[in-house]
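Engineer: Structure in structure tokens, see below.
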Amino acid sequence: MNRFRQRRWLVTLTVIITIACAATGIAVASQSTDPTMEQTCAALYGQGSDVYKECMEFNGLVPPDAGGTPTAAAARAGNHPVIYWCSNKSTGSTPPARSCKTPSVCTWQADSKYHCVNSNGVEVAPSATMCASNPDYACYTGVSPTNTGSAQNLVATLGPAAPETALAAPTALVASPTPTPASISPSSQPTTTPTPSPSPTPTPTPAVPADDPVGQAITQARDAYGLRIWLETDLVPKWQAGPDQLQAAAARIATYASQPNVVGVQIAYDLGLRNPTNGDDIQRFVSETSAALRQVLPPGRQIAVNVDIPELGCGTNQTCVEDMRRRYPALTLAQVERAVLNGAVDAVNVTSGLWSADYAKWGINAAAAERNLWLRLKLRTWEVRVPGLYVGARQLALAHAGARSPLSKAAAEDAVRTRVDLPLQRGIHHVVLWTWRQTWNGDAWRLADQDVTRNQVWDALRVRKGLKRVGIVYNPREPERGLSDDLKAIADVATEIYLFLP
């Protein structure tokens, strides 16, 4: 995954340029061949890589099956390389040193001039001397703030909608039900520590009752298998019941979160799919619930939330995007970003696999929707806009209903490659799979087969254990064979476990 972390400073500034241009309307071509997006693809994925070519095709910069050759407009951008500045001095094509206090970057735009922004996304002139002497630079008498706080969809920047390129859909990819509970998927690596409430003196770890299934699962997952542990719960009803109920629930959660190896708490699943479905209420829920938990959680424990953004699976099909926004107004990209990019949470997990039937009517099969979702989400650069934020995938479509999975070895491998490998390749930090075992709508849904029996999906996941980037949802109150056997099997595939806390 190192290729997705290269040239982080360049990624930050190129995306700032994209968002700033979308917000201000300055120097953005109406065509999807805007050189800025070509530079963004190159900065994110490395020019010439397979994913870079896919990004170029996705944004209409090259036609499908063109071998990744840029269009003439995009190629012309290569004659005007990105130019970096520190204060009033150009550093050429080399980004300024980290010690530079006033960095800026200039890119060639559709009006045949260099446009520059500083590290805050504000349009600037590189220097008075350069503005006076070089007509290739666009110079300003004022500044225009970038749209870093709102959530305009990149569709406005990427150009007009284009028919979605059909991909061969693996037979394993089918729409899954909306399960309860959901999961989150931050990276297994350390993240930025959230700001805890002051604690004047260390306090003993609160005791969990010996017969509590969640407490027993925490102990065994930690001591026997070294799993990192997340607690997942739905605090929406408690929040709706009022501050007293929310605070009582937070205090109870803190007892479990105080145990060693517990990473943090997921506060909601599929937020906005059910009540609350009002954007203002969703934002208040996230902020107020996070604040209540911060007061009682031990230092270093993280807060996560699970969201759905159906419009991202549409890709550049604008008709599909508008339809999804109309049908799911609380789940638009703008609403979700308003709720989760304000610093209230440390991790956001985005659900995949719920909307296959919706996409199908627009000619977008499940595999294409998956590809669209993670590429488009990567272009939003959440982890840059909110430093330290972990962005993960919550996958539903690998579970099956009934005792035995029907998938062949080839179908299972295709499904795992699409649902696990693809998001990780797009820079998603972690993939969490629903579910070890859970009864939903009268059926028992599983990843493995009944009675802890391996199947083709499970074998494909075992091969990926070395990635250390897969987690599994587990409800200790609904075991398959028993706590010890279940956890042993889960540890054969996953490095994290997500324990449902009712």
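Following the order of the structure tokens, first chain is A, next is B, and so on, with residues numbered from 1 inside each chain and ligands from 1 in the order they appear.
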Residues of stretch 220-397 of chain A in strand (DSSP E) according to DSSP, as a list in words?
Structural biologist: Arg228, Ile229, Trp230, Leu231, Glu232, Val262, Val263, Gly264, Val265, Gln266, Gln302, Ile303, Ala304, Val305, Asn306, Val307, Ala347, Val348, Asn349, Val350, Thr351, Ser352, Tyr390, Val391, Gly392, Ala393, Arg394 and Gln395 of chain A
Engineer: I'd like the neighbourhood of A:Val307 as a ChimeraX atom specification, where a residue qualifies if any of its atoms comes within 8 Å (using only C-alpha atoms), though same-chain residues fewer than 3 positions away should be ignored.
Structural biologist: /A:269-272,331,336,348-351
Engineer: Using only C-alpha atoms, tabulate the residues of stretch 345-420 of chain A lying at most 12 Å from any atom of stretch 435-441 of chain A, each with its closest atom pair and that distance in Å to one decimal, by chain and increasing residue number, as a tab-separated table.
Structural biologist:
```
residue	atom	partner	partner_atom	distance
A:Arg394	CA	A:Thr435	CA	10.2
A:Gln395	CA	A:Thr435	CA	9.0
A:Leu396	CA	A:Thr435	CA	7.7
A:Ala397	CA	A:Thr435	CA	9.8
A:Leu398	CA	A:Thr435	CA	8.6
A:Ala399	CA	A:Thr435	CA	6.5
A:His400	CA	A:Thr435	CA	9.3
A:Ala401	CA	A:Trp440	CA	8.9
A:Gly402	CA	A:Thr439	CA	9.8
A:Ala403	CA	A:Arg437	CA	10.6
```
Engineer: Can you tell me, as a list in words, what residues are no more than 7 Å from A:Val265 when counting only C-alpha atoms, ignoring any on the same chain fewer than 4 positions away?
Structural biologist: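 After dropping sequence-adjacent residues, the list is Trp230, Leu231, Glu232, Gln302, Ile303 and Ala304 of chain A.
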Engineer: Take the residues that were just selected and, keeping C-alpha atoms, output them as a compact mmCIF listing (two decimals), in the first residue's frame.
Structural biologist:
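File written: part.txt
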```txt
# COMPACT_ATOMS: atom_id res chain seq x y z
CA TRP A 230 -13.79 -2.78 18.94
CA LEU A 231 -17.14 -2.41 20.62
CA GLU A 232 -20.04 -1.66 18.34
CA GLN A 302 -11.32 6.00 19.57
CA ILE A 303 -14.82 6.74 18.30
CA ALA A 304 -16.10 5.45 14.98
```
Engineer: So what do you get for atom CA of A:Asp281 versus atom CA of A:Gly313, distance-wise?
Structural biologist: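 Here the two named atoms are 25.0 Å from each other.
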Engineer: One decimal, Å: what's the distance from atom CA of A:Thr277 over to atom CA of A:Ala357, could you say?
Structural biologist: 21.6 Å
Engineer: Leaving out A:Asp223 and any residue of its chain fewer than 5 positions from it, which residues lie within 10 Å of it when counting only C-alpha atoms, given as a ChimeraX atom specification?
Structural biologist: /A:217-218,260-261
Engineer: So that I have them on file, write out the residues from the current selection with N, CA and C atoms, as a short mmCIF file (atom, residue, chain, number, x, y, z; two decimals), in the first residue's frame.
Structural biologist:
```cif
data_model
loop_
_atom_site.label_atom_id
_atom_site.label_comp_id
_atom_site.auth_asym_id
_atom_site.auth_seq_id
_atom_site.Cartn_x
_atom_site.Cartn_y
_atom_site.Cartn_z
N ALA A 217 -15.83 -12.45 25.96
CA ALA A 217 -15.26 -12.38 24.62
C ALA A 217 -14.05 -11.45 24.59
N ILE A 218 -14.12 -10.33 25.30
CA ILE A 218 -12.97 -9.41 25.35
C ILE A 218 -11.75 -10.12 25.93
N PRO A 260 -8.17 -3.84 28.64
CA PRO A 260 -7.01 -3.83 27.73
C PRO A 260 -7.36 -4.39 26.36
N ASN A 261 -6.73 -3.84 25.34
CA ASN A 261 -6.87 -4.24 23.94
C ASN A 261 -8.15 -3.75 23.29
#
```
Engineer: Please identify all polymer residues within 10 Å of A:Thr332, counting only C-alpha atoms, omitting same-chain residues fewer than 4 positions from it, and present them as a list in words.
Structural biologist: Ala151, Asn153, Gly272, Gly279, Asp308, Ile309, Pro310, Glu311, Leu312, Val321, Glu322, Met324, Arg325, Arg326, Arg327, Tyr328, Val336, Glu337 and Arg338 of chain A
Engineer: Kindly save the residues from that selection, with all heavy atoms included, as a short mmCIF file (atom, residue, chain, number, x, y, z; two decimals), in the first residue's frame.
Structural biologist:
```
data_model
loop_
_atom_site.label_atom_id
_atom_site.label_comp_id
_atom_site.auth_asym_id
_atom_site.auth_seq_id
_atom_site.Cartn_x
_atom_site.Cartn_y
_atom_site.Cartn_z
N ALA A 151 -19.50 19.95 1.28
CA ALA A 151 -19.25 18.65 0.67
C ALA A 151 -19.78 18.60 -0.74
O ALA A 151 -20.61 17.80 -1.08
CB ALA A 151 -19.90 17.56 1.52
N ASN A 153 -20.02 17.49 -4.38
CA ASN A 153 -19.60 16.26 -5.02
C ASN A 153 -18.62 16.56 -6.13
O ASN A 153 -18.75 17.56 -6.83
CB ASN A 153 -20.82 15.54 -5.59
CG ASN A 153 -20.52 14.11 -5.95
OD1 ASN A 153 -19.59 13.85 -6.69
ND2 ASN A 153 -21.28 13.19 -5.42
N GLY A 272 -28.31 7.26 9.25
CA GLY A 272 -29.14 7.97 8.29
C GLY A 272 -30.06 7.08 7.49
O GLY A 272 -30.99 7.57 6.84
N GLY A 279 -30.66 15.71 8.16
CA GLY A 279 -29.24 16.02 8.17
C GLY A 279 -28.78 16.75 9.41
O GLY A 279 -27.71 16.45 9.97
N ASP A 308 -23.45 5.05 5.05
CA ASP A 308 -23.74 4.60 3.69
C ASP A 308 -23.78 5.83 2.78
O ASP A 308 -24.34 6.86 3.15
CB ASP A 308 -25.09 3.89 3.61
CG ASP A 308 -25.21 2.76 4.61
OD1 ASP A 308 -25.58 3.01 5.77
OD2 ASP A 308 -24.97 1.62 4.20
N ILE A 309 -23.18 5.72 1.58
CA ILE A 309 -23.20 6.83 0.62
C ILE A 309 -23.56 6.24 -0.74
O ILE A 309 -22.69 6.02 -1.59
CB ILE A 309 -21.85 7.56 0.56
CG1 ILE A 309 -21.27 7.78 1.96
CG2 ILE A 309 -22.01 8.90 -0.16
CD1 ILE A 309 -19.90 8.38 1.97
N PRO A 310 -24.83 5.96 -1.00
CA PRO A 310 -25.20 5.23 -2.22
C PRO A 310 -24.81 5.93 -3.51
O PRO A 310 -24.53 5.25 -4.51
CB PRO A 310 -26.73 5.09 -2.09
CG PRO A 310 -27.15 6.03 -1.02
CD PRO A 310 -26.00 6.20 -0.11
N GLU A 311 -24.74 7.26 -3.54
CA GLU A 311 -24.45 7.94 -4.80
C GLU A 311 -23.04 7.64 -5.31
O GLU A 311 -22.78 7.73 -6.52
CB GLU A 311 -24.62 9.44 -4.67
CG GLU A 311 -23.60 10.12 -3.79
CD GLU A 311 -23.88 11.60 -3.63
OE1 GLU A 311 -24.90 11.96 -3.00
OE2 GLU A 311 -23.08 12.41 -4.13
N LEU A 312 -22.11 7.26 -4.42
CA LEU A 312 -20.74 7.02 -4.87
C LEU A 312 -20.64 5.83 -5.81
O LEU A 312 -19.75 5.78 -6.67
CB LEU A 312 -19.82 6.83 -3.67
CG LEU A 312 -19.59 8.05 -2.78
CD1 LEU A 312 -18.54 7.75 -1.73
CD2 LEU A 312 -19.20 9.28 -3.59
N VAL A 321 -26.71 9.38 -9.88
CA VAL A 321 -26.37 10.18 -8.71
C VAL A 321 -27.58 10.97 -8.22
O VAL A 321 -27.92 10.96 -7.02
CB VAL A 321 -25.21 11.14 -9.02
CG1 VAL A 321 -25.01 12.15 -7.89
CG2 VAL A 321 -23.91 10.36 -9.23
N GLU A 322 -28.24 11.66 -9.12
CA GLU A 322 -29.39 12.48 -8.72
C GLU A 322 -30.53 11.62 -8.20
O GLU A 322 -31.23 12.00 -7.24
CB GLU A 322 -29.86 13.32 -9.91
CG GLU A 322 -28.85 14.36 -10.39
CD GLU A 322 -28.49 15.35 -9.30
OE1 GLU A 322 -29.33 15.62 -8.42
OE2 GLU A 322 -27.35 15.85 -9.30
N MET A 324 -30.23 8.70 -6.63
CA MET A 324 -29.86 8.25 -5.30
C MET A 324 -30.00 9.38 -4.27
O MET A 324 -30.45 9.16 -3.15
CB MET A 324 -28.42 7.72 -5.30
CG MET A 324 -28.26 6.38 -5.99
SD MET A 324 -29.17 5.06 -5.16
CE MET A 324 -28.38 3.62 -5.89
N ARG A 325 -29.64 10.57 -4.65
CA ARG A 325 -29.78 11.71 -3.73
C ARG A 325 -31.25 11.97 -3.41
O ARG A 325 -31.60 12.31 -2.27
CB ARG A 325 -29.15 12.96 -4.33
CG ARG A 325 -27.65 12.92 -4.40
CD ARG A 325 -27.12 14.16 -5.11
NE ARG A 325 -25.66 14.16 -5.17
CZ ARG A 325 -24.95 15.05 -5.86
NH1 ARG A 325 -25.57 15.99 -6.55
NH2 ARG A 325 -23.64 14.99 -5.86
N ARG A 326 -32.09 11.83 -4.41
CA ARG A 326 -33.52 12.07 -4.20
C ARG A 326 -34.13 11.01 -3.31
O ARG A 326 -34.93 11.30 -2.42
CB ARG A 326 -34.23 12.10 -5.56
CG ARG A 326 -35.74 12.28 -5.46
CD ARG A 326 -36.38 12.22 -6.84
NE ARG A 326 -36.07 10.97 -7.51
CZ ARG A 326 -36.72 9.83 -7.28
NH1 ARG A 326 -37.69 9.78 -6.37
NH2 ARG A 326 -36.40 8.73 -7.96
N ARG A 327 -33.74 9.75 -3.52
CA ARG A 327 -34.34 8.65 -2.78
C ARG A 327 -33.78 8.52 -1.37
O ARG A 327 -34.47 8.03 -0.47
CB ARG A 327 -34.12 7.34 -3.55
CG ARG A 327 -34.84 7.30 -4.89
CD ARG A 327 -34.48 6.07 -5.69
NE ARG A 327 -34.86 4.86 -4.98
CZ ARG A 327 -34.47 3.64 -5.33
NH1 ARG A 327 -33.66 3.49 -6.36
NH2 ARG A 327 -34.87 2.59 -4.65
N TYR A 328 -32.53 8.93 -1.18
CA TYR A 328 -31.89 8.80 0.13
C TYR A 328 -31.29 10.15 0.54
O TYR A 328 -30.06 10.31 0.60
CB TYR A 328 -30.81 7.72 0.10
CG TYR A 328 -31.29 6.40 -0.42
CD1 TYR A 328 -30.98 5.97 -1.72
CD2 TYR A 328 -32.09 5.57 0.36
CE1 TYR A 328 -31.43 4.75 -2.19
CE2 TYR A 328 -32.55 4.35 -0.11
CZ TYR A 328 -32.22 3.95 -1.40
OH TYR A 328 -32.66 2.75 -1.87
N VAL A 336 -23.32 13.29 4.59
CA VAL A 336 -22.39 12.43 5.33
C VAL A 336 -21.13 13.19 5.70
O VAL A 336 -20.66 13.13 6.84
CB VAL A 336 -22.07 11.17 4.51
CG1 VAL A 336 -20.93 10.39 5.16
CG2 VAL A 336 -23.31 10.28 4.37
N GLU A 337 -20.57 13.91 4.75
CA GLU A 337 -19.34 14.64 5.05
C GLU A 337 -19.58 15.72 6.11
O GLU A 337 -18.71 15.96 6.96
CB GLU A 337 -18.78 15.27 3.77
CG GLU A 337 -18.19 14.24 2.82
CD GLU A 337 -17.40 14.87 1.70
OE1 GLU A 337 -17.66 16.04 1.34
OE2 GLU A 337 -16.52 14.18 1.14
N ARG A 338 -20.72 16.34 6.10
CA ARG A 338 -21.03 17.35 7.11
C ARG A 338 -21.04 16.73 8.51
O ARG A 338 -20.65 17.37 9.49
CB ARG A 338 -22.39 17.99 6.81
CG ARG A 338 -22.72 19.18 7.69
CD ARG A 338 -23.80 20.04 7.04
NE ARG A 338 -25.09 19.37 7.02
CZ ARG A 338 -26.08 19.64 7.88
NH1 ARG A 338 -25.90 20.55 8.82
NH2 ARG A 338 -27.23 19.03 7.79
#
```
Engineer: Between A:Leu273, A:Val105, A:Leu341, A:Ile253, which is the closest to A:Val286 once you count only C-alpha atoms?
Structural biologist: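 Using only C-alpha atoms, A:Val286 sits closest to A:Leu341.
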Engineer: Can you work out the spacing between atom CA of A:Ala393 and atom CA of A:Ile490 in Å, to one decimal?
Structural biologist: 18.1 Å
Engineer: I want to know what sits within 8 Å of A:Cys314, based on only C-alpha atoms, with residues of the same chain fewer than 6 positions away left out; could you give that as a list in words?
Structural biologist: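 Neighbouring residues, sequence-local ones excluded: Cys320, Val321, Tyr359, Ile364, Ala369, Asn372 and Leu373 of chain A.
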Engineer: I'd like to know which of A:Ala249, A:Ile472, A:Ala224, A:Ile428 is closest to A:Pro502, using only C-alpha atoms.
Structural biologist: A:Ala249
Engineer: Between A:Thr495, A:Thr289, A:Ser405, A:Gln450, single out the one closest to A:Pro479, counting only C-alpha atoms.
Structural biologist: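 Closest to A:Pro479 of all the choices is A:Gln450.
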Engineer: Would you mind telling me which residue in A:Gln39, A:Asn306, A:Ser90, A:Thr107 lies nearest to A:Asp346 when using only C-alpha atoms?
Structural biologist: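 Of the candidates, the smallest distance to A:Asp346 is held by A:Asn306.
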Engineer: Residues of stretch 263-416 of chain A classed as helix (DSSP H, G or I) by DSSP on the backbone are to be reported as a ChimeraX atom specification.
Structural biologist: /A:279-294,310-314,318-327,329-331,333-340,356-360,366-380,382-385,409-416
